[in-house]
>>> print(open('final.cif').read())   # mmCIF, C-alpha atoms
data_final
loop_
_atom_site.label_atom_id
_atom_site.label_comp_id
_atom_site.auth_asym_id
_atom_site.auth_seq_id
_atom_site.Cartn_x
_atom_site.Cartn_y
_atom_site.Cartn_z
CA MET A 549 49.48 53.81 -32.59
CA SER A 550 46.74 52.75 -30.21
CA GLN A 551 44.20 54.85 -32.05
CA THR A 552 45.02 52.94 -35.21
CA ALA A 553 44.57 49.59 -33.43
CA ASP A 554 41.17 50.69 -32.08
CA ARG A 555 40.06 51.65 -35.51
CA GLU A 556 41.10 48.30 -36.94
CA HIS A 557 39.28 46.26 -34.32
CA PHE A 558 35.67 45.22 -34.89
CA ASP A 559 34.11 44.20 -31.59
CA MET A 560 31.99 40.99 -31.87
CA LEU A 561 31.02 40.97 -28.22
CA PRO A 562 27.64 42.81 -28.54
CA PHE A 563 26.58 40.53 -31.33
CA ILE A 564 27.51 37.39 -29.40
CA ALA A 565 25.66 38.82 -26.40
CA ILE A 566 22.51 39.29 -28.50
CA LEU A 567 22.86 35.75 -29.82
CA MET A 568 23.29 34.29 -26.33
CA CYS A 569 20.35 36.28 -24.95
CA THR A 570 18.10 35.09 -27.77
CA LEU A 571 19.22 31.53 -27.23
CA GLY A 572 18.69 31.78 -23.49
CA CYS A 573 15.19 33.26 -23.86
CA LEU A 574 14.10 30.60 -26.32
CA LEU A 575 15.55 27.83 -24.19
CA TYR A 576 13.79 29.22 -21.12
CA VAL A 577 10.43 29.43 -22.89
CA THR A 578 10.90 25.91 -24.29
CA LEU A 579 11.65 24.49 -20.86
CA ILE A 580 8.69 26.26 -19.26
CA VAL A 581 6.25 25.03 -21.90
CA ALA A 582 7.71 21.51 -21.79
CA SER A 583 7.47 21.32 -18.01
CA LEU A 584 3.88 22.58 -18.11
CA CYS A 585 2.97 20.01 -20.74
CA ILE A 586 4.66 17.12 -18.94
CA GLY A 587 3.55 18.16 -15.47
CA PRO A 588 0.18 19.63 -14.57
CA GLY A 589 -1.11 19.87 -18.12
CA ALA A 590 -0.30 16.32 -19.14
CA GLY A 591 -3.08 13.95 -19.93
CA GLU A 592 -3.32 10.35 -18.84
CA GLY A 593 -3.49 7.57 -21.35
CA TRP A 594 -4.92 4.37 -19.95
CA ILE A 595 -4.03 1.06 -21.53
CA PRO A 596 -6.11 -2.03 -20.85
CA VAL A 597 -3.73 -4.76 -19.69
CA TYR A 598 -5.11 -8.22 -19.09
CA GLY A 599 -3.64 -10.62 -16.58
CA LYS A 600 -3.87 -14.36 -16.90
CA ASP A 601 -6.86 -14.72 -14.58
CA GLN A 602 -8.60 -11.52 -15.64
CA PRO A 603 -11.64 -11.56 -17.92
CA ARG A 604 -10.95 -9.82 -21.20
CA LYS A 605 -13.65 -7.23 -21.41
CA ILE A 606 -13.69 -4.07 -23.43
CA PRO A 607 -13.76 -0.94 -21.26
CA MET A 608 -16.09 1.96 -21.91
CA LEU A 609 -14.49 5.01 -20.32
CA LEU A 610 -16.81 7.19 -18.25
CA GLU A 611 -15.65 10.28 -16.37
CA TRP A 612 -17.58 11.19 -13.23
CA ASP A 613 -17.33 14.67 -11.71
CA GLY A 614 -20.29 14.59 -9.33
CA ARG A 615 -22.77 16.14 -11.77
CA ALA A 616 -22.42 14.46 -15.13
CA VAL A 617 -20.94 11.43 -16.81
CA THR A 618 -18.63 12.10 -19.73
CA VAL A 619 -18.82 9.12 -22.05
CA HIS A 620 -15.89 8.31 -24.36
CA ARG A 621 -17.10 6.52 -27.47
CA ASN A 622 -15.64 6.17 -30.94
CA GLY A 623 -13.10 8.89 -30.34
CA SER A 624 -15.69 11.43 -29.19
CA ARG A 625 -16.89 12.59 -25.79
CA GLU A 626 -20.46 13.12 -24.74
CA ARG A 627 -21.39 14.79 -21.46
CA VAL A 628 -24.49 13.24 -19.92
CA PRO A 629 -25.92 14.79 -16.75
CA TRP A 630 -27.40 12.60 -14.01
CA ASP A 631 -30.39 14.20 -12.33
CA GLY A 632 -31.12 11.23 -10.07
CA LEU A 633 -29.13 12.60 -7.15
CA GLN A 634 -31.01 14.12 -4.26
CA GLU A 635 -29.52 15.90 -1.28
CA VAL A 636 -31.13 14.96 2.03
CA GLN A 637 -30.54 16.01 5.60
CA GLN A 638 -29.20 13.34 7.95
CA PRO A 639 -30.43 12.90 11.54
CA ASP A 640 -27.18 14.48 12.79
CA GLY A 641 -27.83 17.61 10.71
CA SER A 642 -25.29 16.86 8.01
CA GLU A 643 -26.30 16.58 4.37
CA ALA A 644 -25.83 13.55 2.19
CA PHE A 645 -26.89 12.41 -1.24
CA THR A 646 -29.30 9.63 -2.09
CA SER A 647 -30.11 8.17 -5.46
CA ASN A 648 -33.49 8.31 -7.16
CA GLY A 649 -32.23 5.89 -9.78
CA VAL A 650 -31.66 6.45 -13.46
CA ASP A 651 -34.52 7.25 -15.79
CA ASP A 652 -34.49 4.70 -18.60
CA ALA A 653 -35.51 7.40 -21.08
CA SER A 654 -32.60 9.67 -20.12
CA PRO A 655 -29.27 9.65 -22.01
CA LEU A 656 -27.62 7.99 -18.99
CA GLY A 657 -30.37 5.36 -19.05
CA GLY A 658 -29.47 4.74 -22.69
CA ILE A 659 -25.82 4.17 -21.79
CA LEU A 660 -26.82 1.81 -18.99
CA ALA A 661 -29.05 -0.10 -21.38
CA GLU A 662 -26.27 -0.28 -23.95
CA LEU A 663 -23.80 -1.64 -21.39
CA ASP A 664 -26.45 -4.00 -20.06
CA ARG A 665 -26.84 -5.50 -23.53
CA GLN A 666 -23.07 -5.84 -23.91
CA LYS A 667 -22.21 -6.81 -20.34
CA GLU A 668 -20.68 -10.13 -21.37
CA THR A 669 -18.07 -8.36 -23.44
CA HIS A 670 -17.89 -4.80 -22.07
CA TYR A 671 -17.50 -3.09 -18.71
CA ALA A 672 -17.74 0.42 -17.35
CA LEU A 673 -14.43 2.02 -16.49
CA PHE A 674 -14.82 5.16 -14.38
CA ALA A 675 -12.34 7.98 -14.09
CA VAL A 676 -13.46 9.53 -10.80
CA ARG A 677 -12.70 13.20 -10.21
CA PRO A 678 -12.31 14.43 -6.60
CA SER A 679 -15.55 16.42 -7.02
CA GLY A 680 -17.32 13.12 -7.69
CA PHE A 681 -15.93 11.20 -4.71
CA GLU A 682 -18.95 11.84 -2.52
CA THR A 683 -21.51 10.47 -4.94
CA PHE A 684 -19.53 7.92 -6.91
CA ASN A 685 -20.82 4.89 -5.03
CA LEU A 686 -24.41 5.87 -5.78
CA LEU A 687 -23.63 5.99 -9.49
CA ALA A 688 -21.57 2.78 -9.36
CA ASN A 689 -24.46 1.01 -7.62
CA GLU A 690 -26.71 1.74 -10.63
CA PHE A 691 -24.28 -0.27 -12.75
CA ARG A 692 -23.70 -2.97 -10.13
CA GLN A 693 -27.45 -3.51 -9.73
CA ARG A 694 -27.72 -4.28 -13.45
CA GLY A 695 -24.87 -6.77 -13.25
CA ILE A 696 -22.52 -4.57 -15.28
CA ASP A 697 -18.88 -5.00 -14.29
CA ILE A 698 -17.11 -1.83 -13.27
CA GLY A 699 -13.62 -0.61 -12.58
CA TYR A 700 -12.67 2.79 -11.20
CA GLU A 701 -9.63 4.92 -10.92
CA PRO A 702 -9.14 8.37 -9.39
CA ILE A 703 -7.88 11.20 -11.52
CA GLU A 704 -7.05 14.83 -10.83
CA GLU A 705 -9.84 17.34 -11.34
CA ASP A 706 -8.66 18.90 -14.61
CA ARG A 707 -6.40 16.24 -16.04
CA PRO A 708 -7.53 14.93 -19.44
CA VAL A 709 -7.85 11.18 -19.77
CA ARG A 710 -8.25 8.87 -22.73
CA LEU A 711 -8.06 5.19 -23.54
CA LEU A 712 -5.28 3.74 -25.62
CA PRO A 713 -5.15 0.48 -27.56
CA GLU A 714 -4.88 -2.58 -25.38
CA ARG A 715 -1.81 -4.64 -24.52
CA ILE A 716 -1.63 -8.20 -23.38
CA ARG A 717 0.51 -9.02 -20.38
CA SER A 718 2.51 -12.20 -20.88
CA MET B 486 64.82 51.61 -53.73
CA ARG B 487 62.56 53.22 -51.36
CA ARG B 488 59.54 51.38 -50.41
CA GLY B 489 56.44 53.31 -49.40
CA ARG B 490 55.05 52.76 -45.93
CA ARG B 491 52.25 50.26 -45.98
CA ARG B 492 48.94 51.65 -44.70
CA PHE B 493 46.12 49.51 -43.40
CA ALA B 494 42.63 50.75 -44.23
CA PHE B 495 39.91 49.48 -41.95
CA GLU B 496 37.08 47.68 -43.70
CA ALA B 497 33.93 46.85 -41.75
CA PRO B 498 33.24 43.10 -42.06
CA SER B 499 29.98 42.03 -43.56
CA LEU B 500 27.24 41.30 -41.00
CA VAL B 501 25.46 38.89 -43.29
CA PRO B 502 27.18 35.71 -41.94
CA LEU B 503 26.43 36.83 -38.40
CA ALA B 504 22.82 37.53 -39.25
CA ASP B 505 22.71 34.10 -40.87
CA MET B 506 24.09 32.53 -37.73
CA LEU B 507 21.54 34.32 -35.58
CA SER B 508 18.58 33.42 -37.74
CA ASN B 509 19.76 29.82 -38.03
CA THR B 510 20.06 29.52 -34.26
CA VAL B 511 16.64 31.07 -33.72
CA GLY B 512 15.20 28.77 -36.39
CA VAL B 513 16.65 25.67 -34.78
CA MET B 514 15.40 26.76 -31.36
CA VAL B 515 11.91 27.42 -32.71
CA PHE B 516 11.95 23.98 -34.31
CA ILE B 517 13.00 22.40 -30.99
CA PHE B 518 10.28 24.44 -29.26
CA ILE B 519 7.56 23.20 -31.63
CA PHE B 520 8.81 19.62 -31.37
CA THR B 521 8.86 19.78 -27.57
CA VAL B 522 5.34 21.18 -27.40
CA VAL B 523 3.97 18.56 -29.77
CA ALA B 524 5.80 15.70 -28.02
CA ALA B 525 5.06 16.88 -24.48
CA GLY B 526 1.43 17.64 -25.27
CA GLY B 527 0.95 13.98 -25.98
CA ALA B 528 2.84 12.80 -22.87
CA LEU B 529 0.88 9.99 -21.32
CA VAL B 530 0.90 8.18 -18.04
CA LEU B 531 0.40 4.52 -18.78
CA LYS B 532 -1.88 2.65 -16.47
CA THR B 533 -3.17 -0.86 -16.04
CA LEU B 534 -6.92 -0.66 -15.97
CA PRO B 535 -8.81 -1.73 -12.87
CA LEU B 536 -11.75 -4.13 -12.85
CA GLU B 537 -13.73 -4.72 -9.68
CA ARG B 538 -14.10 -8.29 -8.43
CA SER B 539 -15.60 -10.01 -5.41
CA PRO B 540 -13.43 -10.10 -2.29
CA ASP B 541 -11.95 -13.52 -1.61
CA ARG B 542 -9.90 -12.62 1.48
CA PRO B 543 -10.01 -10.22 4.44
CA PHE B 544 -8.87 -6.63 3.98
CA GLU B 545 -6.68 -4.12 5.75
CA ILE B 546 -7.61 -0.45 5.75
CA VAL B 547 -5.19 2.25 4.65
CA VAL B 548 -6.33 5.87 4.73
CA CYS B 549 -5.00 8.33 2.14
CA SER B 550 -5.71 11.88 3.20
CA GLY B 551 -3.84 15.18 3.10
CA GLU B 552 -1.27 13.57 0.79
CA ARG B 553 -0.39 11.16 3.58
CA VAL B 554 -0.83 7.44 4.02
CA LEU B 555 -2.11 6.08 7.31
CA PRO B 556 -2.46 2.32 7.78
CA LEU B 557 -5.07 1.44 10.39
CA ASP B 558 -4.76 -1.73 12.40
CA ARG B 559 -8.46 -2.40 12.56
CA GLU B 560 -8.25 -5.58 14.60
CA ALA B 561 -5.95 -4.05 17.22
CA LEU B 562 -8.21 -1.00 17.53
CA LEU B 563 -11.35 -3.08 17.94
CA SER B 564 -9.62 -5.40 20.36
CA GLU B 565 -8.55 -2.43 22.48
CA LEU B 566 -12.07 -1.06 22.31
CA LEU B 567 -13.81 -4.29 23.28
CA GLN B 568 -11.34 -5.91 25.69
CA PRO B 569 -12.29 -3.92 28.82
CA LEU B 570 -15.93 -4.93 28.35
CA GLY B 571 -15.21 -8.65 28.47
CA GLU B 572 -17.22 -11.30 26.66
CA PRO B 573 -20.98 -10.66 26.53
CA THR B 574 -23.39 -13.39 27.56
CA PRO B 575 -27.04 -13.58 26.49
CA ASP B 576 -27.99 -12.18 29.92
CA THR B 577 -25.57 -9.27 29.86
CA MET B 578 -25.84 -8.44 26.15
CA GLY B 579 -28.04 -5.37 26.67
CA GLN B 580 -25.76 -3.90 29.31
CA TRP B 581 -22.66 -4.83 27.30
CA LEU B 582 -24.02 -3.02 24.26
CA GLU B 583 -24.92 0.03 26.33
CA GLN B 584 -21.38 0.18 27.72
CA LEU B 585 -19.91 -0.31 24.28
CA LEU B 586 -21.87 2.60 22.84
CA GLN B 587 -20.44 4.86 25.51
CA ARG B 588 -16.88 3.89 24.76
CA ARG B 589 -14.55 6.07 22.72
CA LEU B 590 -11.01 5.24 21.78
CA GLU B 591 -8.78 8.23 21.20
CA ARG B 592 -5.42 7.58 19.53
CA GLU B 593 -2.98 10.09 18.17
CA ASP B 594 -3.90 9.19 14.59
CA VAL B 595 -7.49 7.98 14.84
CA GLU B 596 -10.63 8.15 16.94
CA VAL B 597 -12.91 5.11 17.18
CA SER B 598 -16.56 5.15 18.23
CA GLU B 599 -19.68 3.12 17.55
CA GLU B 600 -23.32 3.59 16.74
CA ILE B 601 -26.35 1.45 16.05
CA GLY B 602 -27.25 1.81 12.40
CA PRO B 603 -30.06 0.32 10.31
CA GLY B 604 -27.98 -2.83 9.74
CA GLY B 605 -26.71 -3.26 13.29
CA LEU B 606 -23.57 -2.19 15.10
CA VAL B 607 -21.36 0.16 13.11
CA PHE B 608 -17.81 1.13 14.03
CA ILE B 609 -16.78 4.65 13.10
CA LEU B 610 -13.17 5.57 12.45
CA LYS B 611 -12.23 9.23 12.28
CA PRO B 612 -8.65 9.55 11.06
CA HIS B 613 -6.91 12.70 12.23
CA SER B 614 -5.59 14.90 9.47
CA ALA B 615 -1.85 15.32 8.84
CA ARG B 616 -1.08 11.91 10.29
CA GLY B 617 0.73 9.13 8.52
CA GLU B 618 3.54 9.10 6.02
CA THR B 619 4.13 11.25 2.99
CA ALA B 620 4.42 9.71 -0.47
CA LYS B 621 8.18 10.32 -0.36
CA ALA B 622 8.54 8.51 2.96
CA LEU B 623 6.84 5.43 1.51
CA GLN B 624 9.85 4.79 -0.66
CA ARG B 625 12.05 4.19 2.36
CA PRO B 626 12.65 0.46 2.93
CA ARG B 627 11.74 0.88 6.60
CA SER B 628 8.64 2.98 6.14
CA ARG B 629 5.72 2.43 8.47
CA PHE B 630 3.51 1.44 5.55
CA ARG B 631 5.96 -1.22 4.34
CA ALA B 632 6.29 -2.52 7.89
CA PHE B 633 2.49 -2.69 8.11
CA LEU B 634 2.28 -4.67 4.86
CA GLY B 635 5.07 -6.93 6.06
CA ARG B 636 2.85 -8.21 8.86
CA PHE B 637 0.50 -9.91 6.41
CA ALA B 638 0.81 -12.48 3.66
CA PRO B 639 -0.22 -11.09 0.27
CA LYS B 640 -2.28 -14.20 -0.48
CA GLU B 641 -4.25 -13.87 2.73
CA ARG B 642 -5.16 -10.19 2.74
CA PHE B 643 -5.85 -7.38 0.35
CA VAL B 644 -5.19 -3.71 0.93
CA TYR B 645 -8.23 -1.48 0.85
CA PHE B 646 -7.48 2.22 0.45
CA ILE B 647 -9.87 4.86 1.70
CA VAL B 648 -9.06 7.83 -0.51
CA TYR B 649 -10.05 11.39 0.34
CA PRO B 650 -9.98 14.10 -2.36
CA ASP B 651 -6.67 15.44 -1.04
CA GLY B 652 -4.97 12.05 -0.95
CA LEU B 653 -4.74 11.10 -4.63
CA HIS B 654 -1.01 11.31 -5.10
CA ALA B 655 -0.26 9.50 -1.84
CA PHE B 656 -2.77 6.80 -2.80
CA LYS B 657 -1.11 6.16 -6.14
CA GLU B 658 2.30 5.87 -4.51
CA ALA B 659 1.02 3.61 -1.73
CA ARG B 660 -0.83 1.38 -4.17
CA SER B 661 2.33 0.99 -6.26
CA VAL B 662 4.17 -0.15 -3.14
CA ALA B 663 1.37 -2.60 -2.25
CA LEU B 664 1.23 -4.01 -5.80
CA GLU B 665 5.02 -4.37 -5.87
CA THR B 666 4.82 -6.30 -2.62
CA GLY B 667 2.29 -8.66 -4.20
CA PHE B 668 -0.93 -7.49 -2.54
CA ALA B 669 -4.24 -7.18 -4.33
CA THR B 670 -5.69 -3.72 -3.81
CA GLY B 671 -9.00 -1.95 -3.88
CA TRP B 672 -10.00 1.59 -3.09
CA MET B 673 -13.00 3.64 -2.14
CA PRO B 674 -13.48 7.35 -2.77
CA MET B 675 -14.54 9.27 0.31
CA LYS B 676 -15.95 12.76 0.83
CA ALA B 677 -13.63 15.15 2.66
CA ASN B 678 -13.77 14.74 6.46
CA GLU B 679 -16.28 11.91 6.25
CA PRO B 680 -15.62 9.21 8.87
CA ILE B 681 -15.11 5.58 7.84
CA ARG B 682 -17.99 3.32 8.84
CA PHE B 683 -17.76 -0.43 8.84
CA GLY B 684 -19.82 -3.21 10.25
CA ASN B 685 -22.80 -4.80 8.59
CA VAL B 686 -23.33 -1.67 6.54
CA GLY B 687 -21.12 1.13 5.36
CA LEU B 688 -17.80 -0.01 3.96
CA ARG B 689 -18.04 -2.19 0.85
CA PRO B 690 -14.55 -3.49 0.44
CA GLY B 691 -13.69 -5.09 -2.85
CA PRO B 692 -10.36 -5.52 -4.61
CA GLN B 693 -9.80 -4.55 -8.23
CA ASN B 694 -7.72 -6.33 -10.79
CA GLY B 695 -5.14 -4.01 -12.26
CA GLY B 696 -4.80 -0.41 -11.22
CA GLY B 697 -1.49 1.32 -10.86
#
>>> encode(input="final.cif", output="structure tokens")
Amino acid sequence: MSQTADREHFDMLPFIAILMCTLGCLLYVTLIVASLCIGPGAGEGWIPVYGKDQPRKIPMLLEWDGRAVTVHRNGSRERVPWDGLQEVQQPDGSEAFTSNGVDDASPLGGILAELDRQKETHYALFAVRPSGFETFNLLANEFRQRGIDIGYEPIEEDRPVRLLPERIRS
Amino acid sequence: MRRGRRRFAFEAPSLVPLADMLSNTVGVMVFIFIFTVVAAGGALVLKTLPLERSPDRPFEIVVCSGERVLPLDREALLSELLQPLGEPTPDTMGQWLEQLLQRRLEREDVEVSEEIGPGGLVFILKPHSARGETAKALQRPRSRFRAFLGRFAPKERFVYFIVYPDGLHAFKEARSVALETGFATGWMPMKANEPIRFGNVGLRPGPQNGGG
């Protein structure tokens, strides 16, 4: 009698187990990828927001990593090295950087000239990487000396950044 | 009438519906996976853009280092440093300056010293690492940082953050708190372990519109 019952029973359990395992694996992979994308791999989108008493200038996004400026223009990025930095020894033995200025004929000189021409309507917005902390003020001074407005914001070393369309704060 | 005994013959069910179910589930999960990747890949942190402006009020220094936030009461530190020397007169100025340059103030969170730089007297602050509050602690209503901000009127001071490479996250949290409280803020990037210098030269404090 029991042998007959065994024969008539078709066990679904292995199949359901396979289904559940597949579901679990896919869910796990999805969660891992999602958390990576939202967490460390996420980019930053910066939106210009203008307050009532804030001049409405158009930002030109420049990333600074201590060696080169990455210029964001018209949806593309151009990496422009700055060779005007010089490392000098301080009286106390430590080393520090000084600026030899920006060569007008260099690509960075071209960007400075462009911003200089548009300084009534544009400003330089820097995304400063930790590797560029030490020398950022030297670079910023090149812009300040030409009367170009600047703004700056720190950003993690490898986090992508981009500008988004502006919003107006009421 | 004799009825024959009914016999049940086992028939294996078709696996096609089960295979359908499995492939449908996998398909839906793959679709969710692709959607998640596409949506999460474009996840953005919205930010009000900063724009530097000239300072129109005094500043208070807050150091962000080692993912901690350390407010420095500059006036109290300088007062403690200078008080034992008394007021200098034109006759005693040389001696007063000599005594000042020998003075060191050692606190549990900061060390203060002085030097004569190209632009005159410079005060040097060396914050000790691993001092101050974590970003999480800033959210507490009775945090040290909030208590520090509470001592000043937002219209009379602005908060100037000295940010070291290992203090980014703490800085962003602290700046949010300061902006919520109504303070204008500015920040300055600083090389790791570099002391803070202020006086006639060194620190160039300036607030920024926006940020955060």
>>> atom_distance(input="final.cif", atom1="CA of Ile595 in chain A", atom2="CA of Leu712 in chain A")
5.0 Å
>>> atom_distance(input="final.cif", atom1="CA of Phe630 in chain B", atom2="CA of Phe656 in chain B")
11.7 Å
>>> closest_residue(input="final.cif", among="A:Leu567, A:Ala653, A:Leu561, A:Ile606", to="chain B", atoms="only C-alpha atoms")
A:Leu567
>>> closest_residue(input="final.cif", among="A:Asp664, A:Asp613, A:Trp594, A:Asp559", to="Pro713 in chain A", atoms="all atoms listed in the file")
A:Trp594
>>> resolve_selection(input="final.cif", expression="the PyMOL selection byres ((chain A and resi 633-646) around 12)", output="PyMOL selection string")
(chain A and resi 614-616+629-632+647-651+680-687+689-690) or (chain B and resi 602+676+678-679)
>>> residues_near_point(input="final.cif", point="(7.9, 0.8, -4.0)", cutoff="10 Å", atoms="only C-alpha atoms", output="ChimeraX atom specification")
/B:623-626,631,658-666
>>> atom_distance(input="final.cif", atom1="CA of Leu582 in chain B", atom2="CA of Arg682 in chain B")
17.7 Å
>>> closest_residue(input="final.cif", among="B:Met578, B:Leu555, B:Leu503, B:Ala561", to="Ala615 in chain B", atoms="all atoms listed in the file")
B:Leu555
>>> closest_residue(input="final.cif", among="B:Glu618, B:Glu591, B:Asp576, B:Asp651", to="chain A", atoms="all atoms listed in the file")
B:Asp651
>>> residues_around(input="final.cif", residues="Thr578 in chain A", least_positions_apart="2", cutoff="10 Å", atoms="all atoms listed in the file", output="list in words")
Gly572, Cys573, Leu574, Leu575, Tyr576, Ile580, Val581, Ala582, Ser583 and Leu584 of chain A; Met514, Val515, Ile517, Phe518, Ile519, Phe520, Thr521 and Val522 of chain B
>>> resolve_selection(input="final.cif", expression="the PyMOL selection byres ((chain B and resi 594-597) around 8)", output="number ranges by chain")
B: 562, 589-593, 598-599, 608-614, 616-617
>>> decode(input="final.cif", residues="range 561-583 of chain B", atoms="N, CA and C atoms", output="PDB file, in the first residue's frame")
ATOM      1  N   ALA B 561      39.623  82.428  23.071  1.00  0.00           N
ATOM      2  CA  ALA B 561      39.943  81.916  24.410  1.00  0.00           C
ATOM      3  C   ALA B 561      41.389  81.409  24.455  1.00  0.00           C
ATOM      4  N   LEU B 562      41.808  80.742  23.377  1.00  0.00           N
ATOM      5  CA  LEU B 562      43.179  80.219  23.335  1.00  0.00           C
ATOM      6  C   LEU B 562      44.198  81.362  23.348  1.00  0.00           C
ATOM      7  N   LEU B 563      43.935  82.362  22.531  1.00  0.00           N
ATOM      8  CA  LEU B 563      44.871  83.493  22.466  1.00  0.00           C
ATOM      9  C   LEU B 563      44.875  84.277  23.776  1.00  0.00           C
ATOM     10  N   SER B 564      43.706  84.393  24.364  1.00  0.00           N
ATOM     11  CA  SER B 564      43.611  85.108  25.634  1.00  0.00           C
ATOM     12  C   SER B 564      44.434  84.368  26.702  1.00  0.00           C
ATOM     13  N   GLU B 565      44.307  83.050  26.711  1.00  0.00           N
ATOM     14  CA  GLU B 565      45.062  82.254  27.684  1.00  0.00           C
ATOM     15  C   GLU B 565      46.566  82.341  27.427  1.00  0.00           C
ATOM     16  N   LEU B 566      46.901  82.463  26.156  1.00  0.00           N
ATOM     17  CA  LEU B 566      48.313  82.547  25.775  1.00  0.00           C
ATOM     18  C   LEU B 566      48.914  83.900  26.166  1.00  0.00           C
ATOM     19  N   LEU B 567      48.129  84.952  25.985  1.00  0.00           N
ATOM     20  CA  LEU B 567      48.669  86.306  26.160  1.00  0.00           C
ATOM     21  C   LEU B 567      48.476  86.865  27.571  1.00  0.00           C
ATOM     22  N   GLN B 568      47.487  86.375  28.290  1.00  0.00           N
ATOM     23  CA  GLN B 568      47.147  86.967  29.591  1.00  0.00           C
ATOM     24  C   GLN B 568      48.324  87.016  30.579  1.00  0.00           C
ATOM     25  N   PRO B 569      49.089  85.942  30.729  1.00  0.00           N
ATOM     26  CA  PRO B 569      50.191  85.995  31.710  1.00  0.00           C
ATOM     27  C   PRO B 569      51.248  87.046  31.370  1.00  0.00           C
ATOM     28  N   LEU B 570      51.297  87.468  30.124  1.00  0.00           N
ATOM     29  CA  LEU B 570      52.334  88.431  29.729  1.00  0.00           C
ATOM     30  C   LEU B 570      51.933  89.870  30.029  1.00  0.00           C
ATOM     31  N   GLY B 571      50.657  90.084  30.273  1.00  0.00           N
ATOM     32  CA  GLY B 571      50.191  91.440  30.544  1.00  0.00           C
ATOM     33  C   GLY B 571      50.174  92.286  29.286  1.00  0.00           C
ATOM     34  N   GLU B 572      49.823  93.543  29.443  1.00  0.00           N
ATOM     35  CA  GLU B 572      49.749  94.458  28.300  1.00  0.00           C
ATOM     36  C   GLU B 572      51.145  94.993  27.971  1.00  0.00           C
ATOM     37  N   PRO B 573      51.561  94.949  26.712  1.00  0.00           N
ATOM     38  CA  PRO B 573      52.876  95.518  26.387  1.00  0.00           C
ATOM     39  C   PRO B 573      52.809  97.042  26.285  1.00  0.00           C
ATOM     40  N   THR B 574      53.884  97.681  26.667  1.00  0.00           N
ATOM     41  CA  THR B 574      54.000  99.134  26.473  1.00  0.00           C
ATOM     42  C   THR B 574      55.091  99.350  25.428  1.00  0.00           C
ATOM     43  N   PRO B 575      55.192 100.536  24.872  1.00  0.00           N
ATOM     44  CA  PRO B 575      56.248 100.763  23.869  1.00  0.00           C
ATOM     45  C   PRO B 575      57.634 100.426  24.415  1.00  0.00           C
ATOM     46  N   ASP B 576      57.850 100.645  25.729  1.00  0.00           N
ATOM     47  CA  ASP B 576      59.163 100.355  26.304  1.00  0.00           C
ATOM     48  C   ASP B 576      59.414  98.858  26.461  1.00  0.00           C
ATOM     49  N   THR B 577      58.368  98.127  26.772  1.00  0.00           N
ATOM     50  CA  THR B 577      58.549  96.692  27.065  1.00  0.00           C
ATOM     51  C   THR B 577      58.207  95.805  25.876  1.00  0.00           C
ATOM     52  N   MET B 578      57.912  96.395  24.733  1.00  0.00           N
ATOM     53  CA  MET B 578      57.437  95.618  23.584  1.00  0.00           C
ATOM     54  C   MET B 578      58.428  94.524  23.166  1.00  0.00           C
ATOM     55  N   GLY B 579      59.719  94.877  23.128  1.00  0.00           N
ATOM     56  CA  GLY B 579      60.729  93.907  22.709  1.00  0.00           C
ATOM     57  C   GLY B 579      60.767  92.707  23.642  1.00  0.00           C
ATOM     58  N   GLN B 580      60.773  92.991  24.926  1.00  0.00           N
ATOM     59  CA  GLN B 580      60.820  91.929  25.934  1.00  0.00           C
ATOM     60  C   GLN B 580      59.522  91.096  25.905  1.00  0.00           C
ATOM     61  N   TRP B 581      58.424  91.819  25.742  1.00  0.00           N
ATOM     62  CA  TRP B 581      57.103  91.149  25.690  1.00  0.00           C
ATOM     63  C   TRP B 581      57.059  90.162  24.528  1.00  0.00           C
ATOM     64  N   LEU B 582      57.581  90.619  23.385  1.00  0.00           N
ATOM     65  CA  LEU B 582      57.568  89.760  22.190  1.00  0.00           C
ATOM     66  C   LEU B 582      58.473  88.542  22.381  1.00  0.00           C
ATOM     67  N   GLU B 583      59.608  88.788  23.027  1.00  0.00           N
ATOM     68  CA  GLU B 583      60.554  87.687  23.289  1.00  0.00           C
ATOM     69  C   GLU B 583      59.912  86.624  24.189  1.00  0.00           C
TER      70      GLU B 583
END
